[in-house]
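The next block holds one structure in the form of C-alpha cells; read it before the comments.
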Amino acid sequence: MKPLLTCLILLFTGAVQAELIPGNSVSGFVYDKETGEALIGASVLLSGTTRGTSTNTSGFFALTDLPEGFRTLEVRYIGYRPAKREITAADLGGKKLIFNLSPDQISLKEVVVTADSAGTIKKLFDTPVSQLEITGIEIRKIPQIVEPDLLRSLQTLPGIVPASDFSSQVYVRGGTPDQNLYMVDGTDIYNPEHAFGLFSTFNTDAIKNVVISKGGFGAEYGGRLSSVVDVTNLDGNRNQFTGTANISLLSAKSTVQIPLGRYGSLSGSLRRTYFDKTIGQIESLKEKVPDYYFIDGNLKALIDLNETNKLTVSYFGGRDYLNFKFNPDAEESDRMLFDWGNKTGSLKWLSVLSPTLFANFWLTASQFDSELNFKQVNFTEINKIRDLTVKGNLEYAWSQEHSLRFGFESKFLKPTYLSESSDVYVDIHDSRTHLSGYIQEQYKPADAWLFEAGLRLDHFVADKTFTDFSPRLVAKYNIDDLQNIKLSAGVYRQYIQRVPRFFIGDIWVTSDQYIPPSRSNHYILGYERVISDGVTLQAEVFYKTYRNLNAYKKFFLADIVSEGHDDQGRTLYTSTRGLFNTGNGTSTGFEALLKKDLGIATGWIGYTYSSTDYTFGGINRGKTFHPRHDRSHTLNGILNTELEKAWAALWGTTPETKNSRWILGVNFVYSTGQPITTPASAYLAGSLPDSGTDGLEEGGGNIGFSLYPGEINASRLPDYIRADISLTWEKRYETWSMAPYLQIFNAGNRQNVWFITYSDDSRETTQVSPKIEKVSMFPLIPTIGITFNF
C-alpha cells in the first residue's frame, strides 16, 4: 500500500510543479445562468473541430495543447442555449473562463439529423461505459406510488429491476442491493430506505443530478461489486431566493435555496410523513394504522473561498419511528418499539490547483443505526455501522493525448450488532480499516480512439488482512458523427456484506477470517448511435462472474458457533462464524435504451434480457439455480408530454401562449415472472407412531400437513405488467406557481402475484389436497397532491 501512496504523492507534486508556468491551455466552469448551479456533463468544443471535453461534477473543464489559429470555444448542454466565446491570448494559461448558459424553450417541431449530432455523439463518447444520468426534473416527471422516489425511478432504466412493489431496493445486472454503492455528495450511505423499504431516503426535490454506473466503472470507485449510485444535491440558487413546497397523501415537504451574496449559496429540505397525525387519528382506523412516521432533511452550503477554491458542507439525516401495539384495544397491550435511520455529513474542498490540475478532497462521516425493543419478552437489539472517511480525487489534463486521474481513500468502519434476550446474548462489534489508492490514465492517440487503463489497490484490515489489486480497462472507437463502440473489462471487490431481514433493518458485517471478500469480473461491449437531435440509442452486452458470494443462512442457528456463556448463563455469540454460505455465480445480459430528450414528447424505452445463476455448496444440493430477483425479459417505457402542444402538433395548429399547461406522464413496465420454489409433493404425517387415517377422519388431531420442496426457483410466477399515469395542471403566476396533480399507480388494477401460499385442504376432502392461494402486490392506487414553487 505504501509504495502506491508514495507514487501518488510524487505524481501529484510533479504535476503541480509542471503547471507552475501556464501552457497553451484553457480551463473554466459552466453554470446555469438563472440559478448559478454547475452544469454536469456540458460539452465544451473547439468550433469547427471534433476536439472537446465535458464538464465534471463540479462544472469544471480543461483543454490542453490548443492548435495554432484556434479562436472560438463553444459550450452546449441539452435544454440550454449554446454559448460561444472568442478566445484571446489573455484567456490562455491560468485565467478561469466562466460560461453561463440560459435555459432554452425547445421548438415544437421535430428535428432531423444536423451538425449538432456531432456534439451529441461526442458527449456519449465521453460518458463512461454503462453510465446513465438522470436529473431531479426527470425523476419528478415519472409517475410513482404516492410521490416521486429516486430508487423507484432507477427501476425504469434497463438493467435495473425491483424485488416487488413493496420494495424500493434495486437489483443491478443480477447483483443484490448490498452490491450497490450509494453516495450523497460524496458520502457513503447505508440502508437508504424508509418505511421498511417502501420508499427511499432521498428527497427528490433536493436532487440536482444522479449518476448510475451499472458496471465497468473506473478505478476511482471500489468496495462494491455491481453498481454506483452517485447523488449530487442542489448547491443552492446563487442569484435569488427560491423554494418548493409539496403536500401529498404521504407527506409534506419543502426545499429552499438561498443566495449568500458573493460568498456562495445555501440549500435545505425537510420532509415528514403524517399518517400518524391524520388517518391515524380517525377513530375507526386507529386499529388498522400503526403509530408510524418518518422524517428526513438535508442542508448544504457552497462557499466560494476565491476563484479557484470552493468549500462545500453537506448534512443529511433521516429517521423512522414505529410504536406497534399487538392488541390496539388493550391499554396494556404488548408492543414493539422500533426506530432506525441514517446520518451523513461531509466537508469537500474543491481546488483548481493549476489550469490543468483539478482536485476534490473530502472528509465524510456516515452512520446507520436501528434499535428494536420487545419489553414484554425482554428482547433488545441494537444494529449500527459507522463510517469515517478521508479521500481525494485528482484530475490532470497532461496533454491532448494523455490525461490522468488518481486518488486515495482511508475508510474506518465500525459495525456493531447487539442482541439481548433472557437466554441468548449476541455481541459482535469490530473496528475495520479500508485503505485504497488508484491511478487511471486516459490515452487518446487519435480523435476516433480512446483507451483507459486503471489500477486500484485495496488493503482491508480485520482479524485477517486482505490486499488486492483490481485492474480496469476501457477502449472506445468513434465510427463517425453518429456512432460509437465501447469495450470494458474490470475486476471489482467487496469487503462488506449485508444480512437481509424481512421487515426490519439489514445488518452489515465485514470480511474476516470466516467471511471472504467477494469478487466480480465485468466484461461489457457497447454500441451508441444518434438517431436525431435529442434521440439516442444505447445498447450493451454484458457478462459478469461472481466469486465468494455470501448468502445468509436462514437456519444459521444450526451452524453458528457460540463462545460459551456469559455471567448470567446466557449463550454468548461474538463472531460471524457459520453465518453465511459461500458460492459463485454468473450474470449475462443484453440491454437497449432508446431515449428522446427534445420535442413535444420526451422519455425513453428500455429493454433488458438477463440471466443470473448461483451455485452454493449448501443450497439446492449444490446445483445451479436462479436467484429470486432474476428476470429474463423486462420492458420499460416512459412518456412525458404537454397535452396542448401534443394536440396542436397532431392537428397542425399553433398552441396558444398562456400561463398554464397540462402535463401527462405514463410509465409502463412488463417483465417475466420471478423464480419461485414449488412443492415437489405434499403429504400427511402423524406425530405418534400409531397415527393413521383415523386421526384425519376424526379431526386430524395427530396428523400434520407438510410440503416437500422441489428444486430451488425452478418455476416462475406469472408475468408482471403494470401501467402508471400522472396528470399535472401547472399554473404560473408572476412570482410563484402551483401544480396540483393526480397519480394512478397500477392503472389497470392488474393483480400481479407476489408469492404463492399452500395450506391444508385435506380435512374437507380426506385426501392430500393442498389449497393454493396467490398473494398479490399493490392494486390500483390513486393519489393526489399539490406542489408550490416560489
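In the C-alpha cells, each chain is lettered A, B, ... as it comes, each chain's residues begin at 1, and ligands are numbered from 1 in order of appearance.
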Name all residues at most 7 Å from region 72-85 of chain A (count only C-alpha atoms; drop same-chain ones fewer than 2 positions away) and give them as a ChimeraX atom specification.
/A:42-47,70,87,101-104
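Note that DSSP on the backbone gives alpha helix (DSSP H) to these residues of region 93-267 of chain A: Ser117, Ala118, Gly119, Thr120, Ile121, Lys122, Lys123, Leu124, Phe125, Asp126, Gly136, Ile137, Glu138, Ile139, Arg140, Lys141, Leu150, Leu151, Arg152, Ser153 and Leu154 of chain A.
Pairwise distance (CA of Leu322 (chain A), CA of Phe374 (chain A)) equals 12.2 Å.
In this comparison, which uses only C-alpha atoms, the residue of A:Asp65, A:Asp276, A:Asp296, A:Asp724 approaching Phe324 (chain A) most closely is A:Asp276.
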Near-Gln240 (chain A) list (10 Å; only C-alpha atoms; drop same-chain fewer than 6 positions) as a short mmCIF file (atom, residue, chain, number, x, y, z; two decimals) with C-alpha atoms, in the first residue's frame:
```
data_model
loop_
_atom_site.label_atom_id
_atom_site.label_comp_id
_atom_site.auth_asym_id
_atom_site.auth_seq_id
_atom_site.Cartn_x
_atom_site.Cartn_y
_atom_site.Cartn_z
CA GLU A 34 -30.55 31.65 -13.74
CA THR A 35 -29.54 29.66 -10.65
CA GLY A 36 -25.73 29.57 -10.68
CA GLN A 257 -32.43 27.79 -1.87
CA ILE A 258 -30.80 30.92 -0.51
CA PRO A 259 -28.07 33.05 -2.13
CA LEU A 260 -25.24 34.16 0.14
CA GLY A 261 -24.12 37.08 -1.98
CA SER A 265 -25.32 29.69 -1.64
#
```
Using only C-alpha atoms, which protein or nucleic acid residues come within 7 Å of Val30 (chain A)? Drop anything in the same chain fewer than 2 positions from it, and give the result as a VMD selection string.
chain A and resid 38 to 39 59 to 60 98 to 100
Would you mind exporting the chosen residues as a PDB file, in the first residue's frame, restricted to N, CA, C and O atoms?
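Output contents, as saved in out-v2.pdb:
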```pdb
ATOM      1  N   ALA A  38     -23.766  24.531 -11.044  1.00  0.00           N
ATOM      2  CA  ALA A  38     -22.823  23.972 -12.002  1.00  0.00           C
ATOM      3  C   ALA A  38     -23.543  22.970 -12.901  1.00  0.00           C
ATOM      4  O   ALA A  38     -24.360  22.174 -12.432  1.00  0.00           O
ATOM      5  N   LEU A  39     -23.253  22.996 -14.198  1.00  0.00           N
ATOM      6  CA  LEU A  39     -23.860  22.079 -15.156  1.00  0.00           C
ATOM      7  C   LEU A  39     -22.911  20.896 -15.371  1.00  0.00           C
ATOM      8  O   LEU A  39     -21.775  21.074 -15.814  1.00  0.00           O
ATOM      9  N   GLY A  59     -18.766  21.084 -12.726  1.00  0.00           N
ATOM     10  CA  GLY A  59     -18.904  22.004 -13.852  1.00  0.00           C
ATOM     11  C   GLY A  59     -17.585  22.468 -14.426  1.00  0.00           C
ATOM     12  O   GLY A  59     -17.554  23.395 -15.247  1.00  0.00           O
ATOM     13  N   PHE A  60     -16.467  21.836 -14.057  1.00  0.00           N
ATOM     14  CA  PHE A  60     -15.132  22.262 -14.487  1.00  0.00           C
ATOM     15  C   PHE A  60     -14.724  21.557 -15.774  1.00  0.00           C
ATOM     16  O   PHE A  60     -15.050  20.390 -15.998  1.00  0.00           O
ATOM     17  N   ILE A  98     -15.590  31.535 -17.549  1.00  0.00           N
ATOM     18  CA  ILE A  98     -16.910  31.270 -16.977  1.00  0.00           C
ATOM     19  C   ILE A  98     -17.945  31.351 -18.091  1.00  0.00           C
ATOM     20  O   ILE A  98     -18.055  32.362 -18.783  1.00  0.00           O
ATOM     21  N   PHE A  99     -18.695  30.250 -18.265  1.00  0.00           N
ATOM     22  CA  PHE A  99     -19.803  30.206 -19.218  1.00  0.00           C
ATOM     23  C   PHE A  99     -21.102  30.087 -18.432  1.00  0.00           C
ATOM     24  O   PHE A  99     -21.265  29.164 -17.632  1.00  0.00           O
ATOM     25  N   ASN A 100     -22.023  31.021 -18.645  1.00  0.00           N
ATOM     26  CA  ASN A 100     -23.345  30.981 -18.032  1.00  0.00           C
ATOM     27  C   ASN A 100     -24.373  30.712 -19.120  1.00  0.00           C
ATOM     28  O   ASN A 100     -24.617  31.571 -19.975  1.00  0.00           O
TER      29      ASN A 100
END
```
Those in region 538-777 of chain A with strand (DSSP E or B) from DSSP, as number ranges by chain:
A: 538-552, 565, 571-573, 580-596, 601-616, 625, 633-642, 660-671, 675-676, 679-686, 703-709, 715-716, 720-732, 737-745, 753-760, 770-776
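For the atom pair formed by CA of Val474 (chain A) and CA of Lys486 (chain A), the distance is 7.4 Å, given to one decimal.
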Residues of region 477-510 of chain A within 10 Å of region 415-420 of chain A: nearest atom pair and distance (Å, one decimal) for each, counting only C-alpha atoms, sorted by chain and number, as a tab-separated table?
```
residue	atom	partner	partner_atom	distance
A:Ile496	CA	A:Pro415	CA	9.8
A:Ile507	CA	A:Tyr417	CA	7.6
A:Trp508	CA	A:Pro415	CA	6.7
A:Val509	CA	A:Pro415	CA	6.5
A:Thr510	CA	A:Pro415	CA	7.8
```
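Ranking A:Asn713, A:Ser399, A:Ser153, A:Thr127 by their shortest atom-to-atom distance to Gly637 (chain A), with only C-alpha atoms included, puts A:Ser153 first.
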